[in-house]
>>> print(open('final_22.cif').read())   # mmCIF, N, CA and C atoms and all ligand atoms
data_entry
loop_
_atom_site.group_PDB
_atom_site.id
_atom_site.type_symbol
_atom_site.label_atom_id
_atom_site.label_comp_id
_atom_site.auth_asym_id
_atom_site.auth_seq_id
_atom_site.Cartn_x
_atom_site.Cartn_y
_atom_site.Cartn_z
ATOM 1 N N MET A 27 -9.417 -16.865 12.384
ATOM 2 C CA MET A 27 -9.625 -15.786 11.400
ATOM 3 C C MET A 27 -10.194 -16.389 10.115
ATOM 4 N N ASN A 28 -11.245 -15.800 9.583
ATOM 5 C CA ASN A 28 -11.771 -16.272 8.300
ATOM 6 C C ASN A 28 -11.363 -15.323 7.173
ATOM 7 N N CYS A 29 -11.750 -15.670 5.957
ATOM 8 C CA CYS A 29 -11.314 -14.895 4.791
ATOM 9 C C CYS A 29 -11.807 -13.442 4.847
ATOM 10 N N ASP A 30 -13.062 -13.241 5.268
ATOM 11 C CA ASP A 30 -13.596 -11.879 5.328
ATOM 12 C C ASP A 30 -12.786 -11.007 6.271
ATOM 13 N N GLU A 31 -12.529 -11.571 7.467
ATOM 14 C CA GLU A 31 -11.741 -10.844 8.454
ATOM 15 C C GLU A 31 -10.357 -10.520 7.892
ATOM 16 N N LEU A 32 -9.779 -11.512 7.256
ATOM 17 C CA LEU A 32 -8.436 -11.336 6.739
ATOM 18 C C LEU A 32 -8.392 -10.214 5.709
ATOM 19 N N LEU A 33 -9.378 -10.206 4.819
ATOM 20 C CA LEU A 33 -9.361 -9.189 3.767
ATOM 21 C C LEU A 33 -9.472 -7.785 4.359
ATOM 22 N N LYS A 34 -10.248 -7.675 5.457
ATOM 23 C CA LYS A 34 -10.362 -6.361 6.106
ATOM 24 C C LYS A 34 -9.016 -5.906 6.665
ATOM 25 N N ARG A 35 -8.222 -6.868 7.115
ATOM 26 C CA ARG A 35 -6.930 -6.519 7.739
ATOM 27 C C ARG A 35 -5.800 -6.370 6.734
ATOM 28 N N LEU A 36 -6.024 -6.862 5.531
ATOM 29 C CA LEU A 36 -4.895 -6.992 4.600
ATOM 30 C C LEU A 36 -4.227 -5.666 4.252
ATOM 31 N N THR A 37 -5.003 -4.619 4.113
ATOM 32 C CA THR A 37 -4.382 -3.350 3.737
ATOM 33 C C THR A 37 -3.469 -2.858 4.856
ATOM 34 N N ASP A 38 -3.921 -3.018 6.120
ATOM 35 C CA ASP A 38 -3.055 -2.677 7.251
ATOM 36 C C ASP A 38 -1.782 -3.507 7.222
ATOM 37 N N TYR A 39 -1.982 -4.801 6.977
ATOM 38 C CA TYR A 39 -0.852 -5.722 6.962
ATOM 39 C C TYR A 39 0.154 -5.310 5.890
ATOM 40 N N ALA A 40 -0.343 -4.949 4.725
ATOM 41 C CA ALA A 40 0.533 -4.557 3.628
ATOM 42 C C ALA A 40 1.338 -3.313 3.983
ATOM 43 N N GLU A 41 0.775 -2.460 4.818
ATOM 44 C CA GLU A 41 1.484 -1.261 5.250
ATOM 45 C C GLU A 41 2.297 -1.516 6.515
ATOM 46 N N HIS A 42 2.323 -2.748 6.987
ATOM 47 C CA HIS A 42 3.052 -3.126 8.198
ATOM 48 C C HIS A 42 2.567 -2.345 9.412
ATOM 49 N N ALA A 43 1.266 -2.071 9.451
ATOM 50 C CA ALA A 43 0.717 -1.279 10.551
ATOM 51 C C ALA A 43 0.052 -2.160 11.595
ATOM 52 N N THR A 44 0.007 -3.466 11.372
ATOM 53 C CA THR A 44 -0.682 -4.346 12.303
ATOM 54 C C THR A 44 0.249 -4.751 13.439
ATOM 55 N N ASP A 45 -0.339 -5.142 14.576
ATOM 56 C CA ASP A 45 0.511 -5.589 15.679
ATOM 57 C C ASP A 45 0.970 -7.033 15.450
ATOM 58 N N ALA A 46 1.909 -7.468 16.277
ATOM 59 C CA ALA A 46 2.583 -8.739 16.031
ATOM 60 C C ALA A 46 1.624 -9.930 16.080
ATOM 61 N N ASP A 47 0.684 -9.939 17.049
ATOM 62 C CA ASP A 47 -0.267 -11.041 17.151
ATOM 63 C C ASP A 47 -1.124 -11.149 15.910
ATOM 64 N N LEU A 48 -1.601 -10.005 15.450
ATOM 65 C CA LEU A 48 -2.448 -9.992 14.275
ATOM 66 C C LEU A 48 -1.661 -10.440 13.053
ATOM 67 N N CYS A 49 -0.434 -9.964 12.928
ATOM 68 C CA CYS A 49 0.430 -10.389 11.829
ATOM 69 C C CYS A 49 0.572 -11.900 11.810
ATOM 70 N N ALA A 50 0.791 -12.501 12.979
ATOM 71 C CA ALA A 50 0.966 -13.946 13.061
ATOM 72 C C ALA A 50 -0.305 -14.652 12.611
ATOM 73 N N ALA A 51 -1.464 -14.147 13.050
ATOM 74 C CA ALA A 51 -2.733 -14.753 12.658
ATOM 75 C C ALA A 51 -2.931 -14.654 11.149
ATOM 76 N N ILE A 52 -2.587 -13.494 10.599
ATOM 77 C CA ILE A 52 -2.719 -13.300 9.154
ATOM 78 C C ILE A 52 -1.792 -14.257 8.410
ATOM 79 N N GLU A 53 -0.556 -14.367 8.885
ATOM 80 C CA GLU A 53 0.389 -15.238 8.202
ATOM 81 C C GLU A 53 -0.051 -16.699 8.254
ATOM 82 N N ARG A 54 -0.613 -17.108 9.426
ATOM 83 C CA ARG A 54 -1.124 -18.485 9.525
ATOM 84 C C ARG A 54 -2.231 -18.717 8.517
ATOM 85 N N HIS A 55 -3.136 -17.761 8.402
ATOM 86 C CA HIS A 55 -4.241 -17.910 7.465
ATOM 87 C C HIS A 55 -3.706 -17.979 6.029
ATOM 88 N N LEU A 56 -2.752 -17.109 5.716
ATOM 89 C CA LEU A 56 -2.237 -17.050 4.347
ATOM 90 C C LEU A 56 -1.575 -18.362 3.934
ATOM 91 N N GLN A 57 -0.937 -19.037 4.919
ATOM 92 C CA GLN A 57 -0.272 -20.298 4.596
ATOM 93 C C GLN A 57 -1.269 -21.372 4.187
ATOM 94 N N ASP A 58 -2.496 -21.289 4.744
ATOM 95 C CA ASP A 58 -3.500 -22.314 4.473
ATOM 96 C C ASP A 58 -4.499 -21.906 3.410
ATOM 97 N N CYS A 59 -4.411 -20.682 2.923
ATOM 98 C CA CYS A 59 -5.486 -20.169 2.080
ATOM 99 C C CYS A 59 -4.902 -19.512 0.834
ATOM 100 N N PRO A 60 -4.760 -20.280 -0.243
ATOM 101 C CA PRO A 60 -4.145 -19.760 -1.469
ATOM 102 C C PRO A 60 -4.883 -18.547 -2.029
ATOM 103 N N GLY A 61 -6.200 -18.496 -1.853
ATOM 104 C CA GLY A 61 -6.977 -17.371 -2.374
ATOM 105 C C GLY A 61 -6.550 -16.065 -1.743
ATOM 106 N N CYS A 62 -6.474 -16.049 -0.415
ATOM 107 C CA CYS A 62 -6.070 -14.836 0.299
ATOM 108 C C CYS A 62 -4.597 -14.532 0.043
ATOM 109 N N GLU A 63 -3.781 -15.549 -0.062
ATOM 110 C CA GLU A 63 -2.363 -15.349 -0.338
ATOM 111 C C GLU A 63 -2.176 -14.647 -1.686
ATOM 112 N N ALA A 64 -2.982 -15.021 -2.661
ATOM 113 C CA ALA A 64 -2.880 -14.384 -3.982
ATOM 114 C C ALA A 64 -3.233 -12.904 -3.890
ATOM 115 N N ILE A 65 -4.275 -12.598 -3.110
ATOM 116 C CA ILE A 65 -4.674 -11.199 -2.934
ATOM 117 C C ILE A 65 -3.580 -10.417 -2.220
ATOM 118 N N ARG A 66 -2.984 -11.049 -1.193
ATOM 119 C CA ARG A 66 -1.903 -10.387 -0.473
ATOM 120 C C ARG A 66 -0.741 -10.058 -1.414
ATOM 121 N N ALA A 67 -0.399 -11.034 -2.275
ATOM 122 C CA ALA A 67 0.714 -10.819 -3.201
ATOM 123 C C ALA A 67 0.411 -9.648 -4.136
ATOM 124 N N ASP A 68 -0.838 -9.567 -4.606
ATOM 125 C CA ASP A 68 -1.220 -8.442 -5.459
ATOM 126 C C ASP A 68 -1.082 -7.120 -4.723
ATOM 127 N N LEU A 69 -1.573 -7.086 -3.483
ATOM 128 C CA LEU A 69 -1.502 -5.864 -2.688
ATOM 129 C C LEU A 69 -0.066 -5.433 -2.472
ATOM 130 N N GLU A 70 0.792 -6.425 -2.225
ATOM 131 C CA GLU A 70 2.181 -6.108 -1.953
ATOM 132 C C GLU A 70 2.836 -5.499 -3.190
ATOM 133 N N ARG A 71 2.536 -6.113 -4.359
ATOM 134 C CA ARG A 71 3.053 -5.558 -5.608
ATOM 135 C C ARG A 71 2.566 -4.133 -5.781
ATOM 136 N N LEU A 72 1.287 -3.934 -5.491
ATOM 137 C CA LEU A 72 0.676 -2.630 -5.658
ATOM 138 C C LEU A 72 1.353 -1.594 -4.778
ATOM 139 N N SER A 73 1.558 -1.934 -3.489
ATOM 140 C CA SER A 73 2.115 -0.920 -2.597
ATOM 141 C C SER A 73 3.584 -0.680 -2.929
ATOM 142 N N ARG A 74 4.285 -1.733 -3.391
ATOM 143 C CA ARG A 74 5.673 -1.521 -3.798
ATOM 144 C C ARG A 74 5.714 -0.618 -5.024
ATOM 145 N N PHE A 75 4.775 -0.902 -5.950
ATOM 146 C CA PHE A 75 4.699 -0.099 -7.162
ATOM 147 C C PHE A 75 4.496 1.370 -6.815
ATOM 148 N N CYS A 76 3.598 1.625 -5.872
ATOM 149 C CA CYS A 76 3.316 3.006 -5.491
ATOM 150 C C CYS A 76 4.542 3.676 -4.897
ATOM 151 N N ARG A 77 5.279 2.930 -4.055
ATOM 152 C CA ARG A 77 6.472 3.526 -3.445
ATOM 153 C C ARG A 77 7.533 3.852 -4.482
ATOM 154 N N GLU A 78 7.577 3.021 -5.555
ATOM 155 C CA GLU A 78 8.623 3.235 -6.556
ATOM 156 C C GLU A 78 8.285 4.330 -7.549
ATOM 157 N N CYS A 79 7.003 4.722 -7.565
ATOM 158 C CA CYS A 79 6.598 5.793 -8.476
ATOM 159 C C CYS A 79 7.327 7.085 -8.123
ATOM 160 N N ASP A 80 7.706 7.840 -9.122
ATOM 161 C CA ASP A 80 8.246 9.164 -8.851
ATOM 162 C C ASP A 80 7.134 10.043 -8.306
ATOM 163 N N PRO A 81 7.474 10.961 -7.431
ATOM 164 C CA PRO A 81 6.451 11.913 -7.002
ATOM 165 C C PRO A 81 5.989 12.718 -8.220
ATOM 166 N N PRO A 82 4.733 13.142 -8.211
ATOM 167 C CA PRO A 82 4.231 13.871 -9.377
ATOM 168 C C PRO A 82 5.053 15.124 -9.604
ATOM 169 N N ARG A 83 5.314 15.425 -10.844
ATOM 170 C CA ARG A 83 6.190 16.536 -11.173
ATOM 171 C C ARG A 83 5.372 17.582 -11.915
ATOM 172 N N LEU A 84 5.496 18.810 -11.522
ATOM 173 C CA LEU A 84 4.771 19.878 -12.191
ATOM 174 C C LEU A 84 5.401 20.141 -13.545
ATOM 175 N N PRO A 85 4.582 20.424 -14.556
ATOM 176 C CA PRO A 85 5.160 20.852 -15.835
ATOM 177 C C PRO A 85 5.940 22.150 -15.633
ATOM 178 N N ASP A 86 6.956 22.378 -16.479
ATOM 179 C CA ASP A 86 7.836 23.529 -16.285
ATOM 180 C C ASP A 86 7.083 24.855 -16.258
ATOM 181 N N ASP A 87 6.123 25.026 -17.178
ATOM 182 C CA ASP A 87 5.445 26.320 -17.212
ATOM 183 C C ASP A 87 4.639 26.552 -15.943
ATOM 184 N N ALA A 88 4.032 25.497 -15.404
ATOM 185 C CA ALA A 88 3.284 25.645 -14.156
ATOM 186 C C ALA A 88 4.226 26.033 -13.026
ATOM 187 N N ARG A 89 5.412 25.416 -12.997
ATOM 188 C CA ARG A 89 6.361 25.733 -11.930
ATOM 189 C C ARG A 89 6.819 27.189 -12.042
ATOM 190 N N GLU A 90 7.055 27.645 -13.281
ATOM 191 C CA GLU A 90 7.477 29.032 -13.460
ATOM 192 C C GLU A 90 6.419 30.004 -12.965
ATOM 193 N N SER A 91 5.135 29.740 -13.285
ATOM 194 C CA SER A 91 4.106 30.683 -12.811
ATOM 195 C C SER A 91 4.018 30.664 -11.298
ATOM 196 N N ILE A 92 4.203 29.507 -10.685
ATOM 197 C CA ILE A 92 4.179 29.463 -9.218
ATOM 198 C C ILE A 92 5.349 30.248 -8.649
ATOM 199 N N GLN A 93 6.537 30.083 -9.255
ATOM 200 C CA GLN A 93 7.692 30.827 -8.741
ATOM 201 C C GLN A 93 7.490 32.329 -8.899
ATOM 202 N N LYS A 94 6.878 32.740 -10.029
ATOM 203 C CA LYS A 94 6.583 34.162 -10.218
ATOM 204 C C LYS A 94 5.646 34.652 -9.126
ATOM 205 N N LEU A 95 4.595 33.845 -8.853
ATOM 206 C CA LEU A 95 3.641 34.198 -7.801
ATOM 207 C C LEU A 95 4.347 34.351 -6.459
ATOM 208 N N LEU A 96 5.265 33.410 -6.180
ATOM 209 C CA LEU A 96 5.945 33.439 -4.886
ATOM 210 C C LEU A 96 6.837 34.657 -4.753
ATOM 211 N N ARG A 97 7.452 35.071 -5.884
ATOM 212 C CA ARG A 97 8.306 36.256 -5.825
ATOM 213 C C ARG A 97 7.473 37.523 -5.711
ATOM 214 N N GLY A 98 6.178 37.429 -6.019
ATOM 215 C CA GLY A 98 5.287 38.574 -5.926
ATOM 216 C C GLY A 98 5.257 39.315 -7.219
HETATM 217 ZN ZN ZN T 1 -8.633 -16.891 3.225
#
>>> encode(input="final_22.cif", output="structure tokens", more="lines below")
Ligand SMILES: [Zn+2]
Amino acid sequence: MNCDELLKRLTDYAEHATDADLCAAIERHLQDCPGCEAIRADLERLSRFCRECDPPRLPDDARESIQKLLRG
């Protein structure tokens, strides 16, 4: 696996969507390649950050108008 290939797979890897063989290949590459490892670490922070974000919240007035609409 080279760096280009790895970068294409990294987003899948960060989401844990890759199969076990591919994961192993990615991990082997990351151990030998500080550049790709740094990118992986950034991606991981990013995806963790996204998971920790609160879901978007509607402002109160918007929610009230929607509830009025729903009640008819
Ligand atoms: Zn690399």
>>> resolve_selection(input="final_22.cif", expression="the PyMOL selection byres (((not hetatm)) within 5 of (chain T and resi 1))", output="PyMOL selection string")
chain A and resi 29+59+62
>>> select_by_dssp(input="final_22.cif", residues="chain A", states="alpha helix (DSSP H)", output="MDAnalysis selection string")
chainID A and resid 29:40 46:58 60:78 86:97
>>> atom_distance(input="final_22.cif", atom1="atom CA of A:Pro85", atom2="atom CA of A:Leu72")
26.0 Å
>>> atom_distance(input="final_22.cif", atom1="atom N of A:Ala50", atom2="atom N of A:Glu70")
16.4 Å
>>> atom_distance(input="final_22.cif", atom1="atom CA of A:Cys49", atom2="atom CA of A:Thr37")
11.8 Å
>>> resolve_selection(input="final_22.cif", expression="the PyMOL selection byres (((chain A and resi 36 and name CA) around 12) and not hetatm and name CA)", output="PyMOL selection string")
chain A and resi 29-35+37-44+48-49+51-53+55-56+62-70+73
